[in-house]
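Asker: Have a look at this one before I ask anything.
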Amino acid sequence: MPQLHDVDYTLEYPYTRTTGPVIGPFLTGLRDGRILGQRCGDRVLCPPMEFDPDTFASLEPDLVEVGPGGVVENWTWVAEPSAKHPFDRPFGFAFIKLDGADTALVHAVDTGGDPEAMSTGMRVRAQYRDERHGSVADVYFVPEGDAAEQVIQPGDEPVTITEHLIGLRINEPLYPHRARFAQGLLDGKIIGQRSPVTGKVYVPGRGYDNMSRVLMSEADEVEVSDVGTVVAFTELNPVQYYGQTETEPYVRCSILFDGTDQPVIGIDIRDMTVDEMRVGMRMRCIWRDPEERSVEDIDNRYGNIPETVYARFEPTGEPDIPADELKEHSW
Amino acid sequence: MAPRPCAVLGVGQTKYKRRRDDVTLDGLVREAALRALEDAGATFDDIDAIVIGKAPDALEGVMMPLLSLCDALGAIGKPIHRVHTAGSVGASTAISAVNLVESGMYDTVLTIAYEKQSEGNATWALSGGKSGGQGAGGTFAPWIRNYIARSQAPEHIGWMVAVKDRLNALKNPYAHLHLPDISIEKVRESPMLWDPLHFLESCPSSDGAAAVVLGNDDIAKKSGRPPAWVISHAKRTEFGQFPGRDTVRPQAGVECSEALYRKAGITNPREQIDCAELYVPFSWYEPMWLEGHLIAEEGEGWKMTDAGDTELGGSFPVNMSGGVLSSNPIGASGMIRCLEAANQVRGTAGEYQVPGAKISIGHAYGGAAQYYAMWMVSSELNPVF
């Protein structure tokens with residue numbers, strides 16, 4: 001029998017950034033081995049800014065090279081770097097005022113993992129990665145005495161757009177009521193929660209009745225019928241996006257299971273066309289064989305009755321329920 | 001204590017486009033803010049507080065943008081607030097800014113809403129990052145089908161709205177979609193996205209920002225700009241899913257409009273309001289909101305569309321600017337509705353001006369049609385109906 005799992009997935013997307021008239025040249029400079037600051041009155045701002053931070057005035061792009069050396073104005077130590085940090089060994093994050101600049105850049109300093117090598121007032125120098133993409137991570141800093149001479153080959157086109165895979169890993173146990181609902185599906189049962197106040201049955205239960213504002217627990221759980229009525233449906237023509245695996249049109253419907261008061265939304269139908277669907281149509285769940293069921297797509301926020309537990313939904317052949325009777329159960 | 005009267009003194013919009021690749025997000029938002037300040041004859045120095053709004057952070061992957069946008073919006077040393085009510089946020093944001101003026105707390109408030117949709121993917125974001133996302137259209141399509149079944153509306157109503165709003169957009173230089181050869185046939189023949197919604201019955205994905213400068217009555221008198229008085233506003237919310245929910249005509253939407261009209265003294269919205277900018281991201285929502293916001297009787301909204309009443313030049317023009325169907329920087333879309341309603345009563349709507357418009361409404365909805373925000377603007381502070 002399949003086992004329940006912890007929720008563990010990464011919500012991530014390769015976001016893009018348009019770089020504009022000031023940040024674009026700055027990133028282009030980093031790719032080409034130069035650090036640029038923006039003139040602002042009689043000061044040079046690095047990192048460059050598009051707007052005067054004191055007067056809010058727009059700044060015409062006017063970039064000037066600064067560094068590659070600079071002074072650490074302040075710093076902190078990262079003892080346990082994460083996968084997204086620029087080094088896989090301990091390092092410092094520092095405010096670095098580059099030679100020729102009047103403001104400090106926050107950046108990473110590599111001392112070979114030694115925090116004793118960091119100090120306020122120390123001189124550091126820019127070093128460039130072998131692979132550069134027009135990103136602030138193209139560069140890093142080392143104590144000036146450790147710096148190697150580098151020959152940097154400039155790129156071709158200016159950097160006008162950048163891409164960043166930004167993500168958030170979610171790792172948590174299923175909430176108890178979600179776990180019991182998922183276990184029910186593995187057992188071929190649909191578990192709902194009956195409100196102790198109104199008697200209305202919700203599938204899946206949320207662990208509370210949002211209308212009466214009371215908690216619902218295991219004691220409020222009931223097995224409901226796996227036969228129900230289609231209350232809404234649509235045909236999805238999948239939009240392609242990062243992580244989308246659907247390519248062909250299919251039908252998605254909401255089914256109000258007998259004895260319940262709120263339809264289960266997001267039930268996918270692969271073997272019927274939208275023209276064959278009707279609001280009011282009676283349908284029965286045909287479960288997969290027990291060893292073929294899985295509930296990995298159920299987490300604490302998404303997933304109701306996934307296709308990984310049923311083989312299909314099949315019309316029962318009973319007369320349709322009149323749409324008027326379903327008006328208040330359309331979602 | 002009666003609220004301080006509050007007026008729109010300046011509005012600013014960016015050109016809406018698939019991708020604004022010439023500016024950063026900060027630059028985009030600032031562009032709208034500077035235009036609104038210019039229109040109001042003001043500078044950042046005149047602004048006492050800033051209110052910004054956008055759809056969920058997952059759309060661009062910029063967390064807490066209110067912090068990183070402070071420089072661009074001249075907000076350093078001033079209060080900045082962020083509003084968050086999904087797709088209705090643009091209108092909620094504008095209303096929240098009005099509250100700050102009405103309370104007497106601030107004299108002049110700058111409010112901005114934006115989306116740079118090209119930096120992420122809205123369908124991805126709405127899907128929680130999972131495959132099989134149905135998008136907004138997939139959510140609304142069954143309700144639209146229910147509306148059609150309930151009202152017995154003929155199928156061409158949706159196509160008519162799609163054409164009408166795109167023809168209006170041709171008169172609006174800021175609009176994203178300019179489709180001069182749009183026609184009923186083209187809409188009908190365009191790919192089916194979410195039955196019964198065709199591609200051309202759906203809103204585009206836009207980059208853009210909109211901004212409004214609001215001031216109290218003293219500031220309005222001093223500014224010398226044509227004011228649009230915000231004479232009424234309302235917000236309402238309901239759960240996205242509960243037994244007894246009417247998804248075609250959500251109760252929160254009905255109550256939001258009732259509150260809006262009651263406060264303004266409106267007893268016959270169809271007759272007393274000159275025109276409306278309604279949040280119509282999918283064609284069928286025009287008749288649905290005409291009914292759901294009590295402008296038409298239940299089952300009668302589509303007849304207004306069918307008769308041409310909602311066209312520019314009709315008896316109750318809707319979405320004169322081209323609406324969400326022509327430009328959809330999601331977080332900004334509600335503010336654009338509010339701002340365009342203000343343009344009408346200020347007489348600054350250019351080629352899509354409704355002649356003599358004195359009373360107009362801006363509207364937005366969000367989430368699973370569960371958040372509502374509406375404002376009513378007037379050319380007069382105390383209009384008599």
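Labeling convention for the structure tokens: chains A, B, ... as they appear, residues from 1 per chain, ligands from 1 in order of appearance.
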Give the strand (DSSP E or B) residues of region 103-248 of chain A, as assigned by DSSP on the backbone, as an NGL selection string.

Answerer: :A and (104-109 or 123-128 or 139-143 or 161-172 or 190-194 or 201-202 or 208-209 or 214-215 or 221-224 or 227-236)

Asker: Identify, on the basis of only C-alpha atoms, every residue whose closest approach to Ser326 (chain B) does not exceed 7 Å; exclude the query and any residue fewer than 5 positions from it along the same chain; express the result as a ChimeraX atom specification.

Answerer: /B:165-166,169,175-177,203-204

Asker: Print the selection's residues with N, CA and C atoms to a file, as a PDB file, in the first residue's frame.

Answerer:
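Contents of the output file part-v5.pdb:
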ATOM      1  N   ASP B 165     -14.990  46.706 -27.176  1.00  0.00           N
ATOM      2  CA  ASP B 165     -13.901  47.224 -26.339  1.00  0.00           C
ATOM      3  C   ASP B 165     -12.636  47.445 -27.159  1.00  0.00           C
ATOM      4  N   ARG B 166     -12.388  46.596 -28.159  1.00  0.00           N
ATOM      5  CA  ARG B 166     -11.188  46.792 -28.983  1.00  0.00           C
ATOM      6  C   ARG B 166     -11.347  47.990 -29.923  1.00  0.00           C
ATOM      7  N   ALA B 169     -10.597  50.901 -27.814  1.00  0.00           N
ATOM      8  CA  ALA B 169      -9.161  50.996 -27.525  1.00  0.00           C
ATOM      9  C   ALA B 169      -8.408  51.735 -28.628  1.00  0.00           C
ATOM     10  N   ALA B 175      -3.654  52.187 -24.743  1.00  0.00           N
ATOM     11  CA  ALA B 175      -4.136  50.802 -24.772  1.00  0.00           C
ATOM     12  C   ALA B 175      -3.084  49.868 -25.365  1.00  0.00           C
ATOM     13  N   HIS B 176      -3.029  48.669 -24.825  1.00  0.00           N
ATOM     14  CA  HIS B 176      -2.089  47.653 -25.309  1.00  0.00           C
ATOM     15  C   HIS B 176      -2.515  47.154 -26.690  1.00  0.00           C
ATOM     16  N   LEU B 177      -3.735  46.660 -26.781  1.00  0.00           N
ATOM     17  CA  LEU B 177      -4.186  46.083 -28.056  1.00  0.00           C
ATOM     18  C   LEU B 177      -4.782  47.164 -28.945  1.00  0.00           C
ATOM     19  N   CYS B 203      -8.500  38.896 -22.050  1.00  0.00           N
ATOM     20  CA  CYS B 203      -7.619  40.042 -21.897  1.00  0.00           C
ATOM     21  C   CYS B 203      -6.188  39.670 -22.284  1.00  0.00           C
ATOM     22  N   PRO B 204      -5.400  40.658 -22.680  1.00  0.00           N
ATOM     23  CA  PRO B 204      -3.992  40.390 -22.956  1.00  0.00           C
ATOM     24  C   PRO B 204      -3.187  40.366 -21.656  1.00  0.00           C
TER      25      PRO B 204
END

Asker: Env of Gly299 (chain B): 12 Å cut, atoms = only C-alpha atoms, seq-sep filter 3 positions within chain, self excluded. Answer as a list in words.

Answerer: Asn146, Tyr147, Ile148, Ala149, Arg150, Ser151, Gln152, Ala153, Pro154, Val248, Arg249, Pro287, Met288, Trp289, Leu290, Glu291, Gly292, Leu294, Ile295, Ala296, Trp302, Lys303, Met304 and Thr305 of chain B

Asker: Mind dumping the selected residues with N, CA and C atoms as a short mmCIF file (atom, residue, chain, number, x, y, z; two decimals), in the first residue's frame?

Answerer:
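Output (result-v5.cif):
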data_model
loop_
_atom_site.label_atom_id
_atom_site.label_comp_id
_atom_site.auth_asym_id
_atom_site.auth_seq_id
_atom_site.Cartn_x
_atom_site.Cartn_y
_atom_site.Cartn_z
N ASN B 146 -22.84 29.19 -16.92
CA ASN B 146 -24.04 29.22 -16.08
C ASN B 146 -24.85 30.50 -16.32
N TYR B 147 -24.12 31.61 -16.50
CA TYR B 147 -24.83 32.87 -16.78
C TYR B 147 -25.62 32.75 -18.09
N ILE B 148 -24.96 32.19 -19.09
CA ILE B 148 -25.60 32.06 -20.39
C ILE B 148 -26.85 31.18 -20.28
N ALA B 149 -26.71 30.08 -19.53
CA ALA B 149 -27.84 29.16 -19.38
C ALA B 149 -28.98 29.85 -18.63
N ARG B 150 -28.62 30.61 -17.61
CA ARG B 150 -29.63 31.24 -16.77
C ARG B 150 -30.35 32.38 -17.49
N SER B 151 -29.56 33.17 -18.24
CA SER B 151 -30.13 34.38 -18.85
C SER B 151 -30.65 34.12 -20.26
N GLN B 152 -30.33 32.94 -20.81
CA GLN B 152 -30.71 32.63 -22.19
C GLN B 152 -30.12 33.63 -23.18
N ALA B 153 -28.94 34.14 -22.86
CA ALA B 153 -28.29 35.11 -23.76
C ALA B 153 -27.77 34.40 -25.00
N PRO B 154 -27.90 35.01 -26.16
CA PRO B 154 -27.34 34.40 -27.37
C PRO B 154 -25.81 34.48 -27.36
N VAL B 248 -22.42 33.36 -10.29
CA VAL B 248 -22.79 34.20 -11.43
C VAL B 248 -23.07 35.63 -10.96
N ARG B 249 -23.65 35.73 -9.80
CA ARG B 249 -24.07 37.02 -9.25
C ARG B 249 -23.69 37.05 -7.77
N PRO B 287 -22.05 41.88 -19.48
CA PRO B 287 -23.45 41.72 -19.03
C PRO B 287 -23.56 41.18 -17.61
N MET B 288 -22.61 40.34 -17.21
CA MET B 288 -22.68 39.78 -15.85
C MET B 288 -22.56 40.88 -14.80
N TRP B 289 -21.67 41.85 -15.04
CA TRP B 289 -21.54 42.94 -14.04
C TRP B 289 -22.63 43.98 -14.18
N LEU B 290 -23.13 44.19 -15.38
CA LEU B 290 -24.27 45.11 -15.50
C LEU B 290 -25.40 44.62 -14.60
N GLU B 291 -25.59 43.30 -14.54
CA GLU B 291 -26.62 42.74 -13.67
C GLU B 291 -26.14 42.64 -12.24
N GLY B 292 -24.92 42.13 -12.06
CA GLY B 292 -24.39 41.89 -10.71
C GLY B 292 -24.16 43.18 -9.94
N LEU B 294 -26.26 45.84 -10.46
CA LEU B 294 -27.58 46.47 -10.37
C LEU B 294 -27.81 47.60 -11.37
N ILE B 295 -27.04 47.59 -12.46
CA ILE B 295 -27.27 48.57 -13.52
C ILE B 295 -28.39 48.07 -14.42
N ALA B 296 -28.46 46.75 -14.58
CA ALA B 296 -29.56 46.12 -15.32
C ALA B 296 -30.26 45.13 -14.40
N TRP B 302 -27.44 41.44 -20.85
CA TRP B 302 -26.99 41.15 -22.22
C TRP B 302 -27.81 41.91 -23.26
N LYS B 303 -29.03 42.27 -22.88
CA LYS B 303 -29.86 43.02 -23.84
C LYS B 303 -29.32 44.44 -24.03
N MET B 304 -28.72 44.99 -22.97
CA MET B 304 -28.08 46.31 -23.12
C MET B 304 -26.91 46.21 -24.10
N THR B 305 -26.10 45.16 -23.94
CA THR B 305 -24.99 44.96 -24.86
C THR B 305 -25.52 44.77 -26.29
#

Asker: For Met335 (chain B), which of B:Ser183, B:Ser202, B:Thr93, B:Ser68 is the closest residue, counting only C-alpha atoms?

Answerer: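 Comparing B:Ser183, B:Ser202, B:Thr93, B:Ser68 against Met335 (chain B), the winner is B:Thr93.
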
Asker: Go through B:Cys70, B:Leu167, B:Leu214, B:Val161 and flag the residue nearest Arg188 (chain B), using only C-alpha atoms for the distances.

Answerer: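 Closest to Arg188 (chain B), using only C-alpha atoms: B:Val161.
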
Asker: Tell me which protein, DNA and RNA residues are within 8 Å of region 316-331 of chain A, counting only C-alpha atoms, leaving out same-chain ones fewer than 2 positions away, and put them as a PyMOL selection string.

Answerer: (chain A and resi 229+231-232+254+256+261-265+279-284+314) or (chain B and resi 143+241-247)

Asker: Output N, CA and C atoms for every residue in that selection, as a JSON list (two decimals), in the first residue's frame.

Answerer:
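Here's the written file out_16.json:
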[["chain", "number", "residue", "atom", "x", "y", "z"],
["A", 229, "THR", "N", -22.83, 14.61, -8.98],
["A", 229, "THR", "CA", -23.43, 15.35, -10.08],
["A", 229, "THR", "C", -22.46, 16.43, -10.56],
["A", 231, "VAL", "N", -21.49, 19.85, -11.58],
["A", 231, "VAL", "CA", -22.11, 21.16, -11.36],
["A", 231, "VAL", "C", -21.45, 22.26, -12.20],
["A", 232, "ALA", "N", -20.26, 22.01, -12.71],
["A", 232, "ALA", "CA", -19.58, 22.98, -13.57],
["A", 232, "ALA", "C", -18.49, 22.25, -14.33],
["A", 254, "SER", "N", -16.33, 20.21, -11.85],
["A", 254, "SER", "CA", -16.61, 20.18, -10.41],
["A", 254, "SER", "C", -17.75, 19.19, -10.20],
["A", 256, "LEU", "N", -20.44, 17.50, -7.39],
["A", 256, "LEU", "CA", -21.07, 17.53, -6.07],
["A", 256, "LEU", "C", -21.42, 16.09, -5.71],
["A", 261, "ASP", "N", -22.33, 19.15, 0.42],
["A", 261, "ASP", "CA", -22.89, 20.48, 0.18],
["A", 261, "ASP", "C", -21.97, 21.39, -0.60],
["A", 262, "GLN", "N", -20.79, 20.91, -0.93],
["A", 262, "GLN", "CA", -19.84, 21.74, -1.68],
["A", 262, "GLN", "C", -19.12, 20.85, -2.69],
["A", 263, "PRO", "N", -19.10, 21.26, -3.96],
["A", 263, "PRO", "CA", -18.49, 20.38, -4.97],
["A", 263, "PRO", "C", -16.98, 20.27, -4.80],
["A", 264, "VAL", "N", -16.47, 19.15, -5.27],
["A", 264, "VAL", "CA", -15.02, 19.00, -5.38],
["A", 264, "VAL", "C", -14.63, 19.61, -6.72],
["A", 265, "ILE", "N", -13.76, 20.60, -6.68],
["A", 265, "ILE", "CA", -13.38, 21.28, -7.91],
["A", 265, "ILE", "C", -12.11, 20.66, -8.47],
["A", 279, "VAL", "N", -24.06, 20.13, -17.22],
["A", 279, "VAL", "CA", -24.35, 20.42, -15.82],
["A", 279, "VAL", "C", -25.56, 19.58, -15.43],
["A", 280, "GLY", "N", -25.45, 18.86, -14.33],
["A", 280, "GLY", "CA", -26.55, 18.01, -13.89],
["A", 280, "GLY", "C", -26.31, 16.53, -14.15],
["A", 281, "MET", "N", -25.27, 16.24, -14.98],
["A", 281, "MET", "CA", -24.99, 14.86, -15.34],
["A", 281, "MET", "C", -24.50, 14.07, -14.13],
["A", 282, "ARG", "N", -24.98, 12.85, -13.99],
["A", 282, "ARG", "CA", -24.58, 11.99, -12.87],
["A", 282, "ARG", "C", -23.32, 11.21, -13.24],
["A", 283, "MET", "N", -22.34, 11.21, -12.35],
["A", 283, "MET", "CA", -21.06, 10.55, -12.63],
["A", 283, "MET", "C", -20.63, 9.71, -11.44],
["A", 284, "ARG", "N", -19.90, 8.65, -11.74],
["A", 284, "ARG", "CA", -19.39, 7.74, -10.71],
["A", 284, "ARG", "C", -17.87, 7.67, -10.86],
["A", 314, "GLU", "N", -17.32, 8.05, -14.80],
["A", 314, "GLU", "CA", -18.18, 7.39, -15.79],
["A", 314, "GLU", "C", -19.62, 7.85, -15.56],
["B", 143, "TRP", "N", -18.73, 29.58, -14.86],
["B", 143, "TRP", "CA", -19.70, 30.54, -14.32],
["B", 143, "TRP", "C", -20.34, 31.32, -15.46],
["B", 241, "GLN", "N", -15.35, 29.99, -1.93],
["B", 241, "GLN", "CA", -16.16, 28.78, -2.11],
["B", 241, "GLN", "C", -16.94, 28.51, -0.84],
["B", 242, "PHE", "N", -18.25, 28.41, -0.97],
["B", 242, "PHE", "CA", -19.08, 28.00, 0.17],
["B", 242, "PHE", "C", -20.43, 27.56, -0.38],
["B", 243, "PRO", "N", -21.09, 26.67, 0.35],
["B", 243, "PRO", "CA", -22.40, 26.21, -0.12],
["B", 243, "PRO", "C", -23.38, 27.38, -0.16],
["B", 244, "GLY", "N", -24.10, 27.50, -1.24],
["B", 244, "GLY", "CA", -25.04, 28.60, -1.37],
["B", 244, "GLY", "C", -24.46, 29.79, -2.10],
["B", 245, "ARG", "N", -23.19, 29.69, -2.49],
["B", 245, "ARG", "CA", -22.59, 30.81, -3.21],
["B", 245, "ARG", "C", -23.15, 30.90, -4.62],
["B", 246, "ASP", "N", -23.54, 32.09, -5.01],
["B", 246, "ASP", "CA", -23.96, 32.33, -6.39],
["B", 246, "ASP", "C", -22.77, 32.92, -7.12],
["B", 247, "THR", "N", -22.10, 32.10, -7.91],
["B", 247, "THR", "CA", -20.88, 32.55, -8.58],
["B", 247, "THR", "C", -21.19, 33.44, -9.78]]

Asker: Within 7 Å of chain B, which residues of chain A are there when counting only C-alpha atoms? Please give them as a ChimeraX atom specification.

Answerer: /A:11-12,15-21,51,53,56,166,232-237,241,243-246,261-262,327-331

Asker: Emit the selected residues as an mmCIF file, in the first residue's frame, including N, CA and C atoms.

Answerer:
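And here's selection_19.cif as it stands now:
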data_model
loop_
_atom_site.group_PDB
_atom_site.id
_atom_site.type_symbol
_atom_site.label_atom_id
_atom_site.label_comp_id
_atom_site.auth_asym_id
_atom_site.auth_seq_id
_atom_site.Cartn_x
_atom_site.Cartn_y
_atom_site.Cartn_z
ATOM 1 N N LEU A 11 8.682 25.743 -5.254
ATOM 2 C CA LEU A 11 7.905 26.681 -6.053
ATOM 3 C C LEU A 11 8.921 27.608 -6.708
ATOM 4 N N GLU A 12 9.152 27.459 -7.986
ATOM 5 C CA GLU A 12 10.194 28.288 -8.595
ATOM 6 C C GLU A 12 9.796 28.698 -10.009
ATOM 7 N N TYR A 15 12.168 33.997 -13.524
ATOM 8 C CA TYR A 15 11.731 35.371 -13.761
ATOM 9 C C TYR A 15 12.744 36.117 -14.623
ATOM 10 N N THR A 16 12.254 37.082 -15.376
ATOM 11 C CA THR A 16 13.155 37.942 -16.137
ATOM 12 C C THR A 16 13.112 39.352 -15.558
ATOM 13 N N ARG A 17 14.168 40.111 -15.821
ATOM 14 C CA ARG A 17 14.236 41.503 -15.393
ATOM 15 C C ARG A 17 14.707 42.344 -16.574
ATOM 16 N N THR A 18 13.947 43.361 -16.902
ATOM 17 C CA THR A 18 14.453 44.329 -17.861
ATOM 18 C C THR A 18 15.344 45.292 -17.092
ATOM 19 N N THR A 19 16.482 45.633 -17.670
ATOM 20 C CA THR A 19 17.525 46.279 -16.871
ATOM 21 C C THR A 19 17.545 47.803 -17.002
ATOM 22 N N GLY A 20 16.916 48.348 -18.029
ATOM 23 C CA GLY A 20 16.800 49.799 -18.118
ATOM 24 C C GLY A 20 18.112 50.502 -18.422
ATOM 25 N N PRO A 21 18.071 51.841 -18.451
ATOM 26 C CA PRO A 21 19.193 52.636 -18.967
ATOM 27 C C PRO A 21 20.401 52.745 -18.036
ATOM 28 N N PHE A 51 17.673 56.956 -9.822
ATOM 29 C CA PHE A 51 17.079 58.183 -9.292
ATOM 30 C C PHE A 51 17.963 58.694 -8.167
ATOM 31 N N PRO A 53 18.841 59.515 -4.754
ATOM 32 C CA PRO A 53 18.188 59.043 -3.529
ATOM 33 C C PRO A 53 17.849 60.176 -2.559
ATOM 34 N N PHE A 56 15.136 62.629 -5.289
ATOM 35 C CA PHE A 56 14.207 61.830 -6.101
ATOM 36 C C PHE A 56 14.231 62.224 -7.576
ATOM 37 N N ILE A 166 14.080 32.001 -9.410
ATOM 38 C CA ILE A 166 13.778 32.367 -8.027
ATOM 39 C C ILE A 166 12.814 31.329 -7.470
ATOM 40 N N ALA A 232 -20.264 22.006 -12.711
ATOM 41 C CA ALA A 232 -19.585 22.982 -13.567
ATOM 42 C C ALA A 232 -18.493 22.252 -14.331
ATOM 43 N N PHE A 233 -18.172 22.754 -15.489
ATOM 44 C CA PHE A 233 -17.083 22.146 -16.254
ATOM 45 C C PHE A 233 -16.538 23.164 -17.234
ATOM 46 N N THR A 234 -15.333 22.923 -17.696
ATOM 47 C CA THR A 234 -14.762 23.750 -18.749
ATOM 48 C C THR A 234 -13.742 22.919 -19.495
ATOM 49 N N GLU A 235 -13.433 23.357 -20.694
ATOM 50 C CA GLU A 235 -12.361 22.718 -21.445
ATOM 51 C C GLU A 235 -11.116 23.568 -21.284
ATOM 52 N N LEU A 236 -10.019 22.944 -20.903
ATOM 53 C CA LEU A 236 -8.751 23.662 -20.761
ATOM 54 C C LEU A 236 -7.886 23.407 -21.984
ATOM 55 N N ASN A 237 -7.426 24.491 -22.577
ATOM 56 C CA ASN A 237 -6.425 24.402 -23.639
ATOM 57 C C ASN A 237 -5.131 24.895 -23.011
ATOM 58 N N TYR A 241 3.726 27.107 -19.752
ATOM 59 C CA TYR A 241 4.539 27.887 -18.815
ATOM 60 C C TYR A 241 5.532 26.951 -18.160
ATOM 61 N N GLY A 243 7.174 24.478 -16.059
ATOM 62 C CA GLY A 243 6.613 23.443 -15.193
ATOM 63 C C GLY A 243 5.322 22.832 -15.706
ATOM 64 N N GLN A 244 4.724 23.429 -16.735
ATOM 65 C CA GLN A 244 3.483 22.886 -17.307
ATOM 66 C C GLN A 244 3.818 21.627 -18.087
ATOM 67 N N THR A 245 3.124 20.537 -17.802
ATOM 68 C CA THR A 245 3.356 19.317 -18.568
ATOM 69 C C THR A 245 2.179 18.982 -19.477
ATOM 70 N N GLU A 246 1.046 19.683 -19.294
ATOM 71 C CA GLU A 246 -0.119 19.434 -20.150
ATOM 72 C C GLU A 246 0.100 20.062 -21.522
ATOM 73 N N ASP A 261 -22.332 19.146 0.417
ATOM 74 C CA ASP A 261 -22.890 20.476 0.176
ATOM 75 C C ASP A 261 -21.966 21.389 -0.600
ATOM 76 N N GLN A 262 -20.788 20.905 -0.933
ATOM 77 C CA GLN A 262 -19.843 21.736 -1.683
ATOM 78 C C GLN A 262 -19.120 20.846 -2.686
ATOM 79 N N LYS A 327 -27.844 25.484 -8.541
ATOM 80 C CA LYS A 327 -27.425 26.872 -8.679
ATOM 81 C C LYS A 327 -26.464 27.307 -7.580
ATOM 82 N N GLU A 328 -26.696 26.819 -6.382
ATOM 83 C CA GLU A 328 -25.887 27.274 -5.251
ATOM 84 C C GLU A 328 -24.699 26.366 -4.978
ATOM 85 N N HIS A 329 -24.409 25.485 -5.902
ATOM 86 C CA HIS A 329 -23.274 24.575 -5.717
ATOM 87 C C HIS A 329 -22.344 24.619 -6.915
ATOM 88 N N SER A 330 -22.256 25.783 -7.570
ATOM 89 C CA SER A 330 -21.509 25.813 -8.827
ATOM 90 C C SER A 330 -20.008 25.858 -8.599
ATOM 91 N N TRP A 331 -19.591 26.112 -7.375
ATOM 92 C CA TRP A 331 -18.142 26.088 -7.112
ATOM 93 C C TRP A 331 -17.882 25.786 -5.674
#

Asker: Which polymer residues have any atom within 10 Å of an atom of Arg194 (chain A), counting only C-alpha atoms, with same-chain residues fewer than 3 positions away left out, as an NGL selection string?

Answerer: :A and (191 or 197-203 or 205 or 208-209 or 216-223 or 260-261)

Asker: Go ahead and dump the residues you just picked, N, CA and C atoms, as a short mmCIF file (atom, residue, chain, number, x, y, z; two decimals), in the first residue's frame.

Answerer:
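In the end it all went to selection_27.cif:
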data_model
loop_
_atom_site.label_atom_id
_atom_site.label_comp_id
_atom_site.auth_asym_id
_atom_site.auth_seq_id
_atom_site.Cartn_x
_atom_site.Cartn_y
_atom_site.Cartn_z
N ILE A 191 -13.40 11.25 1.88
CA ILE A 191 -13.68 11.66 3.25
C ILE A 191 -14.05 13.14 3.26
N VAL A 197 -22.12 22.59 13.33
CA VAL A 197 -23.11 23.66 13.51
C VAL A 197 -24.25 23.52 12.50
N THR A 198 -23.90 23.40 11.22
CA THR A 198 -24.94 23.43 10.19
C THR A 198 -25.25 22.06 9.61
N GLY A 199 -24.41 21.07 9.87
CA GLY A 199 -24.60 19.75 9.29
C GLY A 199 -24.16 19.66 7.83
N LYS A 200 -23.69 20.76 7.27
CA LYS A 200 -23.25 20.72 5.87
C LYS A 200 -21.94 19.94 5.77
N VAL A 201 -21.81 19.20 4.66
CA VAL A 201 -20.64 18.34 4.48
C VAL A 201 -19.72 18.95 3.41
N TYR A 202 -18.47 19.13 3.79
CA TYR A 202 -17.48 19.75 2.91
C TYR A 202 -16.46 18.70 2.47
N VAL A 203 -16.10 18.71 1.18
CA VAL A 203 -15.10 17.77 0.65
C VAL A 203 -14.12 18.54 -0.23
N GLY A 205 -12.47 18.52 3.55
CA GLY A 205 -12.64 19.43 4.68
C GLY A 205 -11.41 20.31 4.83
N TYR A 208 -11.90 23.24 9.33
CA TYR A 208 -12.78 24.20 9.98
C TYR A 208 -13.92 24.50 9.02
N ASP A 209 -15.02 24.95 9.60
CA ASP A 209 -16.16 25.38 8.79
C ASP A 209 -16.06 26.90 8.67
N MET A 216 -13.21 21.77 12.77
CA MET A 216 -13.74 20.44 12.51
C MET A 216 -12.58 19.46 12.67
N SER A 217 -12.87 18.34 13.31
CA SER A 217 -11.81 17.39 13.63
C SER A 217 -12.15 16.03 13.05
N GLU A 218 -11.35 15.05 13.41
CA GLU A 218 -11.57 13.69 12.93
C GLU A 218 -12.97 13.21 13.30
N ALA A 219 -13.46 13.68 14.45
CA ALA A 219 -14.79 13.25 14.91
C ALA A 219 -15.89 13.74 13.98
N ASP A 220 -15.59 14.77 13.18
CA ASP A 220 -16.59 15.33 12.26
C ASP A 220 -16.50 14.71 10.87
N GLU A 221 -15.60 13.73 10.69
CA GLU A 221 -15.37 13.21 9.34
C GLU A 221 -16.34 12.09 8.99
N VAL A 222 -16.75 12.13 7.73
CA VAL A 222 -17.68 11.12 7.22
C VAL A 222 -17.21 10.66 5.85
N GLU A 223 -17.43 9.40 5.55
CA GLU A 223 -17.18 8.93 4.19
C GLU A 223 -18.40 9.28 3.36
N THR A 260 -23.22 15.65 -0.03
CA THR A 260 -22.31 16.75 0.34
C THR A 260 -22.92 18.08 -0.08
N ASP A 261 -22.33 19.15 0.42
CA ASP A 261 -22.89 20.48 0.18
C ASP A 261 -21.97 21.39 -0.60
#

Asker: Name the residues of region 17-193 of chain A that come out as helix (DSSP H, G or I) in a backbone DSSP run; write them as an NGL selection string.

Answerer: :A and (20-31 or 115-117 or 136-138 or 144-146 or 176-186)
